[in-house]
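Next comes start.cif, with mmCIF, C-alpha atoms.
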```
data_model
#
loop_
_atom_site.label_atom_id
_atom_site.label_comp_id
_atom_site.auth_asym_id
_atom_site.auth_seq_id
_atom_site.Cartn_x
_atom_site.Cartn_y
_atom_site.Cartn_z
CA MET A 374 46.74 -19.45 11.90
CA THR A 375 43.88 -20.86 13.99
CA GLU A 376 42.12 -17.46 13.96
CA GLN A 377 42.46 -17.31 10.16
CA ILE A 378 40.91 -20.79 9.76
CA LEU A 379 38.07 -19.82 12.12
CA GLU A 380 37.45 -16.62 10.16
CA GLN A 381 37.32 -18.54 6.87
CA SER A 382 34.91 -21.08 8.39
CA THR A 383 32.59 -18.30 9.60
CA GLU A 384 32.64 -16.67 6.17
CA THR A 385 31.76 -20.00 4.50
CA THR A 386 28.85 -20.48 6.89
CA SER A 387 27.59 -16.97 6.12
CA LEU A 388 27.78 -17.61 2.36
CA GLN A 389 25.97 -20.93 2.75
CA ARG A 390 23.24 -19.22 4.77
CA GLU A 391 22.75 -16.50 2.15
CA SER A 392 22.76 -19.03 -0.70
CA SER A 393 20.16 -21.15 1.09
CA TYR A 394 17.74 -18.49 2.31
CA SER A 395 18.14 -15.41 0.11
CA ALA A 396 17.63 -14.69 -3.60
CA SER A 397 17.90 -10.93 -4.08
CA ASP A 398 21.39 -9.40 -4.28
CA VAL A 399 22.91 -12.88 -4.81
CA GLU A 400 25.95 -12.59 -7.07
CA ILE A 401 26.04 -16.29 -7.98
CA PRO A 402 22.60 -17.95 -7.65
CA VAL A 403 23.94 -21.39 -6.82
CA LYS A 404 20.45 -22.89 -6.50
CA VAL A 405 20.12 -22.60 -10.28
CA LEU A 406 23.29 -24.66 -10.75
CA HIS A 407 22.01 -27.34 -8.37
CA ASP A 408 18.84 -27.78 -10.44
CA VAL A 409 19.96 -30.28 -13.10
CA LYS A 410 16.73 -30.21 -15.11
CA LEU A 411 16.61 -26.41 -15.10
CA VAL A 412 20.21 -26.20 -16.36
CA TRP A 413 19.56 -28.87 -19.01
CA GLU A 414 16.49 -27.11 -20.38
CA ALA A 415 18.35 -23.79 -20.45
CA THR A 416 21.48 -25.11 -22.16
CA ALA A 417 20.02 -27.76 -24.46
CA ASN A 418 16.61 -26.31 -25.32
CA LYS A 419 17.10 -22.59 -24.53
CA ARG A 420 14.03 -22.71 -22.28
CA ILE A 421 13.59 -21.36 -18.76
CA LEU A 422 11.24 -23.43 -16.62
CA LEU A 423 8.84 -21.84 -14.18
CA ARG A 424 10.45 -23.18 -11.01
CA HIS A 425 9.28 -20.89 -8.17
CA LEU A 426 5.96 -19.04 -8.16
CA GLN A 427 5.24 -16.22 -5.75
CA LEU A 428 1.49 -16.05 -5.16
CA CYS A 429 -0.40 -13.20 -3.47
CA PRO A 430 -3.80 -14.71 -2.62
CA THR A 431 -5.25 -11.58 -0.98
CA ASN A 432 -4.56 -7.87 -0.65
CA ARG A 433 -6.44 -7.61 2.64
CA CYS A 434 -4.20 -6.93 5.62
CA ASN A 435 -4.61 -6.62 9.40
CA LEU A 436 -1.71 -4.13 9.69
CA ASN A 437 -0.99 -0.77 8.10
CA CYS A 438 2.81 -0.48 7.98
CA ASN A 439 4.02 2.97 6.87
CA PHE A 440 6.87 1.47 4.80
CA CYS A 441 4.67 -1.04 2.93
CA SER A 442 5.68 -1.26 -0.72
CA CYS A 443 2.15 -2.40 -1.63
CA ALA A 444 0.29 0.34 0.26
CA ASP A 445 -1.53 1.63 -2.83
CA ARG A 446 -2.88 -1.72 -3.94
CA GLN A 447 -6.61 -2.47 -4.30
CA LYS A 448 -7.01 -3.74 -0.75
CA ASN A 449 -10.16 -5.78 -1.32
CA SER A 450 -8.74 -7.82 -4.21
CA GLU A 451 -8.58 -11.56 -3.58
CA LEU A 452 -8.14 -14.69 -5.65
CA SER A 453 -10.94 -17.21 -5.39
CA PHE A 454 -9.94 -20.71 -4.38
CA GLY A 455 -10.84 -21.86 -7.89
CA GLN A 456 -8.49 -19.26 -9.40
CA ALA A 457 -5.66 -20.21 -7.06
CA GLN A 458 -6.17 -23.91 -7.77
CA SER A 459 -6.11 -23.33 -11.54
CA ILE A 460 -2.96 -21.20 -11.29
CA LEU A 461 -1.18 -23.87 -9.25
CA LYS A 462 -2.12 -26.67 -11.66
CA THR A 463 -0.86 -24.65 -14.63
CA ALA A 464 2.34 -23.72 -12.81
CA LYS A 465 2.99 -27.39 -12.09
CA LYS A 466 2.68 -28.18 -15.83
CA LEU A 467 5.30 -25.51 -16.51
CA GLY A 468 7.82 -27.05 -14.11
CA CYS A 469 6.96 -25.43 -10.78
CA ASN A 470 8.66 -27.06 -7.78
CA ALA A 471 7.92 -24.46 -5.13
CA ILE A 472 5.57 -21.63 -4.22
CA THR A 473 5.87 -18.74 -1.81
CA ILE A 474 2.50 -17.57 -0.50
CA THR A 475 2.97 -13.89 0.25
CA GLY A 476 1.45 -10.37 -0.06
CA GLY A 477 -0.04 -8.09 -1.32
CA GLY A 478 -1.72 -8.37 2.03
CA GLU A 479 -1.68 -10.91 4.84
CA PRO A 480 -2.04 -14.43 3.31
CA LEU A 481 -3.54 -15.92 6.46
CA LEU A 482 -6.59 -13.68 6.00
CA HIS A 483 -7.58 -15.66 2.90
CA PRO A 484 -10.59 -17.84 3.81
CA ASP A 485 -9.21 -20.83 1.88
CA ILE A 486 -5.54 -20.51 2.80
CA ASN A 487 -5.32 -24.05 4.17
CA GLU A 488 -7.03 -25.48 1.08
CA ILE A 489 -4.51 -23.60 -1.11
CA ILE A 490 -1.66 -25.17 0.87
CA GLU A 491 -3.35 -28.58 0.58
CA THR A 492 -3.51 -28.14 -3.21
CA CYS A 493 0.24 -27.48 -3.23
CA ASP A 494 0.76 -30.70 -1.26
CA ASP A 495 -1.42 -32.67 -3.68
CA LEU A 496 0.62 -31.31 -6.62
CA ASN A 497 3.92 -32.03 -4.85
CA ILE A 498 4.83 -28.32 -4.80
CA GLY A 499 6.93 -27.17 -1.86
CA THR A 500 5.25 -24.38 0.10
CA GLY A 501 6.69 -21.33 1.84
CA LEU A 502 4.71 -18.67 3.67
CA VAL A 503 5.46 -15.00 4.37
CA THR A 504 3.25 -13.58 7.13
CA ASN A 505 3.14 -10.87 9.76
CA GLY A 506 2.57 -13.69 12.26
CA LEU A 507 -0.46 -12.41 14.16
CA LEU A 508 -2.84 -14.94 12.58
CA LEU A 509 -0.64 -18.02 12.80
CA GLY A 510 -3.52 -19.63 14.69
CA ASN A 511 -5.34 -19.80 11.32
CA LEU A 512 -2.64 -22.09 9.94
CA LYS A 513 -3.79 -25.73 9.99
CA ARG A 514 -1.62 -27.19 7.22
CA LEU A 515 2.12 -27.77 7.41
CA VAL A 516 4.32 -25.57 5.22
CA ASP A 517 7.98 -26.21 4.41
CA TRP A 518 9.11 -22.83 5.70
CA CYS A 519 7.57 -19.73 7.22
CA ARG A 520 9.14 -16.25 7.41
CA ILE A 521 7.59 -13.80 9.85
CA SER A 522 7.88 -10.10 9.09
CA VAL A 523 8.83 -7.80 11.98
CA HIS A 524 9.58 -4.10 12.25
CA PRO A 525 10.34 -1.72 15.11
CA GLY A 526 6.77 -0.40 15.32
CA ARG A 527 5.32 -3.85 16.08
CA ASP A 528 4.20 -4.99 19.54
CA TRP A 529 7.03 -7.50 20.01
CA LYS A 530 5.56 -8.91 23.24
CA GLU A 531 2.30 -9.79 21.49
CA LEU A 532 4.00 -11.21 18.39
CA SER A 533 6.61 -13.26 20.27
CA SER A 534 3.84 -14.82 22.37
CA VAL A 535 1.90 -15.92 19.26
CA VAL A 536 5.05 -17.24 17.57
CA ALA A 537 6.22 -19.08 20.71
CA ASP A 538 2.86 -20.89 20.87
CA THR A 539 2.98 -21.86 17.18
CA VAL A 540 6.60 -22.92 16.61
CA PRO A 541 6.36 -26.20 18.59
CA VAL A 542 3.21 -27.24 16.68
CA PHE A 543 4.76 -27.38 13.19
CA ASP A 544 7.96 -29.05 11.98
CA THR A 545 8.74 -26.07 9.77
CA ASP A 546 11.83 -24.00 8.94
CA TRP A 547 11.06 -20.78 10.81
CA ALA A 548 12.67 -17.40 10.11
CA PHE A 549 12.21 -13.69 10.79
CA SER A 550 12.49 -10.80 8.35
CA TYR A 551 13.25 -7.60 10.28
CA VAL A 552 12.62 -4.36 8.34
CA LEU A 553 15.28 -1.97 9.57
CA THR A 554 13.55 1.39 10.13
CA ALA A 555 15.06 1.62 13.64
CA LEU A 556 16.79 -0.76 16.09
CA ASP A 557 13.93 -1.35 18.55
CA ASN A 558 13.64 -5.00 19.68
CA LEU A 559 16.22 -6.15 17.12
CA VAL A 560 18.35 -7.88 19.75
CA GLU A 561 15.25 -9.56 21.21
CA VAL A 562 14.19 -10.81 17.75
CA VAL A 563 17.62 -12.31 17.05
CA GLU A 564 17.86 -13.89 20.52
CA PHE A 565 14.37 -15.40 20.09
CA ALA A 566 15.47 -16.91 16.77
CA ASN A 567 18.64 -18.30 18.35
CA ASN A 568 16.70 -19.82 21.27
CA HIS A 569 13.92 -21.35 19.15
CA ASN A 570 16.04 -23.03 16.47
CA PHE A 571 15.10 -20.64 13.64
CA THR A 572 17.03 -21.07 10.41
CA HIS A 573 17.87 -17.37 10.02
CA VAL A 574 16.95 -13.75 10.59
CA ARG A 575 16.95 -11.49 7.55
CA VAL A 576 17.77 -7.90 8.52
CA VAL A 577 16.68 -5.84 5.52
CA SER A 578 16.63 -2.11 4.90
CA ASP A 579 13.38 -0.28 4.24
CA ILE A 580 13.52 -0.97 0.53
CA LEU A 581 12.10 2.41 -0.48
CA ASN A 582 14.36 4.34 1.93
CA PRO A 583 17.54 2.29 2.50
CA ASP A 584 19.92 3.65 5.17
CA GLU A 585 23.44 2.21 5.09
CA ARG A 586 24.37 3.91 8.37
CA LEU A 587 21.51 2.19 10.16
CA MET A 588 22.63 -1.16 8.76
CA ASP A 589 26.15 -0.51 10.11
CA LYS A 590 24.66 0.21 13.53
CA ALA A 591 22.70 -3.05 13.37
CA ARG A 592 25.87 -5.01 12.60
CA LYS A 593 27.62 -3.48 15.60
CA LEU A 594 24.63 -4.03 17.87
CA LEU A 595 24.32 -7.70 16.92
CA LYS A 596 28.04 -8.53 16.95
CA GLY A 597 28.54 -11.83 18.72
CA ILE A 598 24.92 -13.01 18.52
CA ASP A 599 24.34 -12.75 14.75
CA CYS A 600 25.30 -16.32 13.81
CA LYS A 601 21.93 -16.66 11.97
CA VAL A 602 21.63 -13.15 10.53
CA ILE A 603 21.61 -12.28 6.83
CA TYR A 604 22.18 -8.56 6.26
CA GLN A 605 20.55 -7.03 3.17
CA ASP A 606 21.11 -3.29 2.88
CA ARG A 607 19.42 -2.97 -0.56
CA ALA A 608 21.37 0.25 -1.19
CA LYS A 609 23.03 -0.71 -4.50
CA PRO A 610 20.54 -2.03 -7.06
CA THR A 611 21.25 -2.24 -10.79
CA ARG A 612 19.05 -1.34 -13.74
CA GLY A 613 16.95 -4.19 -15.08
CA ALA A 614 18.26 -6.48 -17.83
CA GLN A 615 16.70 -6.25 -21.29
CA LYS A 616 16.39 -10.03 -21.25
CA CYS A 617 14.73 -10.47 -17.86
CA LEU A 618 14.82 -14.25 -17.59
CA ILE A 619 14.01 -14.33 -13.90
CA SER A 620 10.50 -13.34 -15.03
CA LEU A 621 10.19 -16.87 -16.42
CA LEU A 622 11.99 -18.57 -13.52
CA LYS A 623 10.19 -17.06 -10.51
CA PRO A 624 7.32 -14.71 -11.40
CA THR A 625 4.69 -13.22 -9.09
CA ILE A 626 0.91 -13.43 -9.44
CA SER A 627 -1.12 -10.72 -7.75
CA ALA A 628 -4.45 -10.99 -5.96
CA GLU A 629 -6.04 -9.67 -9.17
CA GLY A 630 -4.69 -12.68 -11.07
CA MET A 631 -2.11 -10.69 -13.04
CA LEU A 632 1.40 -11.94 -13.80
CA TYR A 633 4.46 -9.83 -12.87
CA PRO A 634 8.16 -10.49 -13.51
CA CYS A 635 9.27 -10.74 -9.87
CA CYS A 636 8.40 -9.91 -6.27
CA GLY A 637 10.16 -6.52 -6.68
CA SER A 638 7.85 -5.16 -9.36
CA GLN A 639 6.27 -2.68 -6.94
CA TYR A 640 9.55 -0.78 -6.47
CA SER A 641 10.99 -1.18 -9.96
CA GLU A 642 10.62 2.56 -10.61
CA ARG A 643 12.02 5.15 -8.23
CA GLY A 644 9.38 7.32 -6.60
CA GLN A 645 6.45 5.43 -8.13
CA LYS A 646 3.25 4.58 -6.31
CA ARG A 647 3.36 1.54 -4.07
CA ASP A 648 1.78 -1.12 -6.22
CA PHE A 649 2.84 -3.76 -8.75
CA LEU A 650 4.08 -2.44 -12.10
CA GLY A 651 4.95 -4.06 -15.42
CA THR A 652 2.42 -6.81 -15.95
CA MET A 653 3.28 -9.68 -18.29
CA GLY A 654 -0.40 -10.47 -18.80
CA ALA A 655 -3.19 -12.40 -17.11
CA SER A 656 -2.47 -15.64 -15.29
CA GLU A 657 -4.85 -17.39 -17.69
CA ASN A 658 -2.21 -16.90 -20.41
CA MET A 659 0.64 -18.58 -18.53
CA GLU A 660 0.91 -21.62 -20.81
CA SER A 661 1.17 -19.46 -23.91
CA ILE A 662 3.73 -17.12 -22.31
CA TRP A 663 6.03 -20.00 -21.35
CA ALA A 664 5.53 -21.83 -24.64
CA LYS A 665 6.79 -18.71 -26.43
CA GLN A 666 9.32 -17.89 -23.69
CA GLN A 667 8.01 -14.33 -23.56
CA HIS A 668 10.28 -12.87 -20.90
CA TYR A 669 9.75 -9.41 -19.46
CA ILE A 670 11.71 -6.49 -20.95
CA GLY A 671 13.63 -5.47 -17.85
CA THR A 672 15.02 -2.21 -19.21
CA PHE A 673 11.80 -0.64 -17.92
CA CYS A 674 13.09 -1.33 -14.38
CA GLU A 675 15.14 1.40 -12.75
CA VAL A 676 15.70 -0.80 -9.69
CA CYS A 677 16.66 -4.50 -9.88
CA TYR A 678 18.08 -6.86 -7.26
CA TYR A 679 18.26 -9.96 -9.47
CA SER A 680 21.13 -9.10 -11.83
CA GLY A 681 23.03 -12.21 -10.68
CA TYR A 682 20.16 -14.44 -11.77
CA ASN A 683 19.73 -12.70 -15.12
CA LYS A 684 23.45 -12.91 -15.89
CA LEU A 685 23.64 -16.63 -15.12
CA LEU A 686 20.41 -17.55 -16.92
CA GLY A 687 21.50 -15.47 -19.91
CA LEU A 688 24.82 -17.29 -20.09
CA LEU A 689 23.17 -20.71 -19.77
CA THR A 690 20.86 -20.01 -22.71
CA GLN A 691 23.69 -18.79 -24.98
CA ASP A 692 25.84 -21.00 -27.18
CA ILE A 693 29.55 -21.02 -26.31
CA CYS A 694 32.67 -22.42 -27.96
CA HIS A 695 35.45 -24.59 -26.49
CA LYS A 696 33.13 -26.06 -23.88
CA GLU A 697 35.55 -28.90 -23.19
CA TRP A 698 38.23 -26.55 -21.83
CA CYS A 699 36.62 -25.63 -18.51
#
```

So that I can check it, write out the structure of this file as structure tokens.
Amino acid sequence: MTEQILEQSTETTSLQRESSYSASDVEIPVKVLHDVKLVWEATANKRILLRHLQLCPTNRCNLNCNFCSCADRQKNSELSFGQAQSILKTAKKLGCNAITITGGGEPLLHPDINEIIETCDDLNIGTGLVTNGLLLGNLKRLVDWCRISVHPGRDWKELSSVVADTVPVFDTDWAFSYVLTALDNLVEVVEFANNHNFTHVRVVSDILNPDERLMDKARKLLKGIDCKVIYQDRAKPTRGAQKCLISLLKPTISAEGMLYPCCGSQYSERGQKRDFLGTMGASENMESIWAKQQHYIGTFCEVCYYSGYNKLLGLLTQDICHKEWC
């Protein structure tokens, strides 16, 4: 009986971790249900607020990862600080509570990255950062969370030294994202996270070449030390929904200033080139797009990891009968 209770407790902790720190492949996106204003606007006014913006300030990168899903991007493209500031102000008007600064390229290469973060602070927008970690010394402004990307080909000794020097400086929720192309240094990454009070480690398949067998090996290798690990095998996507409402909830803006339905746009078609696809228009048209609720037509997407979000948002914006009998 005690073992059964312990097993249930562990499962609950795992679900809480996934609900807190992961969005793709989530069957029930509980964060939506916790957002009272978002639910009210969806049910009462049939409107989806722009709640979470993913911003790619630059396509420049200091690494050249062979699995990069943005490898064919225009690598010199970069938002000016004025563009980024305008985008953030408009997003705030449309309901934005949070931003993830990501790539594209390596965000910490942007010359005004700290001013962009400061703008988010001034607008009361929560800020997350996705980085390869090598340039953490460029970070001068506090972010709410930071996820550091790792893969087996990286020099773990060099990266862990940089991260160990930076973690004590900022009161930030730190995490790793380990791209599972092999198992090299995986144990060391997880042990580092456990020893430095990281919130989690996301072990994710190479999204363009997912290998379920390798994920099984990772689970076995980490058994007993994976109390902070979220496993994402990415092997079972769905087709996109015709009414892609996540495109209004958490869109992506590229370094060219173009609006895309989600952070997975670059792999929405199987075998396509590694760049964003399916633009919704220029970022300058954001106010008009949200005023008209012009969601993306997701049936163009052969690969989608946000079906849970689209199902829930679709149900919230539909009228139903017998609401009292819940």

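You can rank A:Glu391, A:Asp648, A:Glu479, A:Glu400 by their closest distance to Gln605 of chain A using all atoms listed in the file, and at the top of that list sits A:Glu391.
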
message: Around the point (15.7, -16.2, 1.5) (coordinates from the file), which residues reach within 9 Å if we count only C-alpha atoms? Answer as a ChimeraX atom specification.
response: /A:390-397,520,573,575,603

task: Given the file shown, determine the residues that the PyMOL selection byres ((chain A and resi 510) around 12) selects; report them as number ranges by chain.
output: A: 481-482, 487, 504, 506-509, 511-514, 532, 534-540, 542-543

Selection: 10 Å around Pro525 of chain A, only C-alpha atoms, excl. self and same-chain fewer than 5 positions, as a list in words: Tyr551, Val552, Leu553, Thr554, Ala555, Leu556, Asp557, Asn558 and Leu559 of chain A

Nearest to Asn658 of chain A by atom-to-atom distance, counting only C-alpha atoms, from A:Asn437, A:Gly630, A:Gln691, A:Ser638: A:Gly630

Axis-aligned box for all listed atoms of segment 511-529 of chain A, 6 Å per side, centre and edges in Å to one decimal, as AutoDock Vina command-line options:
```
--center_x 2.5 --center_y -14.1 --center_z 12.2 --size_x 27.7 --size_y 39.4 --size_z 27.6
```

task: Could you please give me, as a VMD selection string, the residues of protein, DNA or RNA lying at most 8 Å from (17.5, -12.9, 10.4) in the coordinate frame of the file, considering all atoms listed in the file?
output: chain A and resid 548 to 551 563 566 573 to 576 601 to 604

For segment 611-616 of chain A, please output as a JSON list (two decimals) with C-alpha atoms, keeping the file's coordinate frame all residues within 6 Å (counting all atoms listed in the file; exclusion window: fewer than 3 positions along the same chain).
```
[["chain", "number", "residue", "atom", "x", "y", "z"],
["A", 670, "ILE", "CA", 11.71, -6.49, -20.95],
["A", 671, "GLY", "CA", 13.63, -5.47, -17.85],
["A", 672, "THR", "CA", 15.02, -2.21, -19.21],
["A", 674, "CYS", "CA", 13.09, -1.33, -14.38],
["A", 675, "GLU", "CA", 15.14, 1.40, -12.75],
["A", 676, "VAL", "CA", 15.70, -0.80, -9.69],
["A", 677, "CYS", "CA", 16.66, -4.50, -9.88]]
```

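Comparing A:Asn505, A:Met653, A:Arg586, A:Met659 by their smallest distance to Lys465 of chain A, the closest is A:Met659 (using all atoms listed in the file).
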
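As for atom CA of Asn449 of chain A and atom CA of Cys434 of chain A, they are spaced 9.2 Å apart.
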
- request: Just give me the gap between atom CA of Pro541 of chain A and atom CA of Asp528 of chain A in Å, one decimal is fine.
  value: 21.3 Å

- request: Would you please work out which residue, of A:Lys609, A:Lys530, A:Trp663, A:Thr572, is nearest to Leu632 of chain A when using only C-alpha atoms?
  value: A:Trp663

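The gap separating atom CA of Thr416 of chain A from atom CA of Leu689 of chain A is 5.3 Å, in Å to one decimal.
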
query: Between A:Tyr678, A:Ala417, A:Phe565, A:Pro583, which is the closest to Pro610 of chain A once you count only C-alpha atoms?
result: A:Tyr678

task: Can you turn the PyMOL selection byres ((chain A and resi 472-476) around 9) into a concrete residue list for this file, as a ChimeraX atom specification?
output: /A:424-434,443,461,469-471,477-480,490,493,498-504,627-628

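Considering all atoms listed in the file, the residue among A:Leu622, A:Cys694, A:Ile521, A:Met631 positioned nearest to Leu411 of chain A is A:Leu622.
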
Residues returned when the PyMOL selection byres ((chain A and resi 606) around 6) runs on this file, as a PyMOL selection string: chain A and resi 577-578+605+607-608

Would you mind putting back N, CA and C atoms on segment 549-571 of chain A, then writing it out as a tab-separated table (two decimals), in the frame of the given file?
```tsv
chain	number	residue	atom	x	y	z
A	549	PHE	N	12.73	-15.05	10.68
A	549	PHE	CA	12.21	-13.69	10.79
A	549	PHE	C	12.77	-12.84	9.66
A	550	SER	N	11.99	-11.86	9.23
A	550	SER	CA	12.49	-10.80	8.35
A	550	SER	C	12.25	-9.49	9.09
A	551	TYR	N	13.35	-8.82	9.49
A	551	TYR	CA	13.25	-7.60	10.28
A	551	TYR	C	13.50	-6.41	9.37
A	552	VAL	N	12.49	-5.55	9.19
A	552	VAL	CA	12.62	-4.36	8.34
A	552	VAL	C	13.26	-3.26	9.18
A	553	LEU	N	14.43	-2.82	8.76
A	553	LEU	CA	15.28	-1.97	9.57
A	553	LEU	C	14.92	-0.50	9.38
A	554	THR	N	13.88	-0.04	10.10
A	554	THR	CA	13.55	1.39	10.13
A	554	THR	C	14.07	2.03	11.41
A	555	ALA	N	14.43	1.21	12.38
A	555	ALA	CA	15.06	1.62	13.64
A	555	ALA	C	15.68	0.35	14.23
A	556	LEU	N	16.13	0.41	15.48
A	556	LEU	CA	16.79	-0.76	16.09
A	556	LEU	C	15.97	-1.37	17.22
A	557	ASP	N	14.75	-0.88	17.45
A	557	ASP	CA	13.93	-1.35	18.55
A	557	ASP	C	13.69	-2.86	18.46
A	558	ASN	N	13.92	-3.56	19.55
A	558	ASN	CA	13.64	-5.00	19.68
A	558	ASN	C	14.46	-5.89	18.75
A	559	LEU	N	15.43	-5.33	18.04
A	559	LEU	CA	16.22	-6.15	17.12
A	559	LEU	C	16.99	-7.23	17.86
A	560	VAL	N	17.61	-6.89	18.96
A	560	VAL	CA	18.35	-7.88	19.75
A	560	VAL	C	17.40	-8.97	20.23
A	561	GLU	N	16.22	-8.58	20.70
A	561	GLU	CA	15.25	-9.56	21.21
A	561	GLU	C	14.79	-10.52	20.10
A	562	VAL	N	14.60	-9.97	18.88
A	562	VAL	CA	14.19	-10.81	17.75
A	562	VAL	C	15.28	-11.84	17.44
A	563	VAL	N	16.52	-11.40	17.38
A	563	VAL	CA	17.62	-12.31	17.05
A	563	VAL	C	17.80	-13.35	18.16
A	564	GLU	N	17.72	-12.94	19.41
A	564	GLU	CA	17.86	-13.89	20.52
A	564	GLU	C	16.72	-14.90	20.52
A	565	PHE	N	15.50	-14.46	20.19
A	565	PHE	CA	14.37	-15.40	20.09
A	565	PHE	C	14.66	-16.44	19.02
A	566	ALA	N	15.15	-15.98	17.86
A	566	ALA	CA	15.47	-16.91	16.77
A	566	ALA	C	16.55	-17.90	17.20
A	567	ASN	N	17.57	-17.42	17.89
A	567	ASN	CA	18.64	-18.30	18.35
A	567	ASN	C	18.13	-19.34	19.35
A	568	ASN	N	17.20	-18.94	20.20
A	568	ASN	CA	16.70	-19.82	21.27
A	568	ASN	C	15.61	-20.77	20.80
A	569	HIS	N	15.03	-20.51	19.63
A	569	HIS	CA	13.92	-21.35	19.15
A	569	HIS	C	14.28	-22.07	17.85
A	570	ASN	N	15.56	-22.22	17.60
A	570	ASN	CA	16.04	-23.03	16.47
A	570	ASN	C	15.53	-22.54	15.12
A	571	PHE	N	15.45	-21.20	14.95
A	571	PHE	CA	15.10	-20.64	13.64
A	571	PHE	C	16.26	-20.85	12.68
```
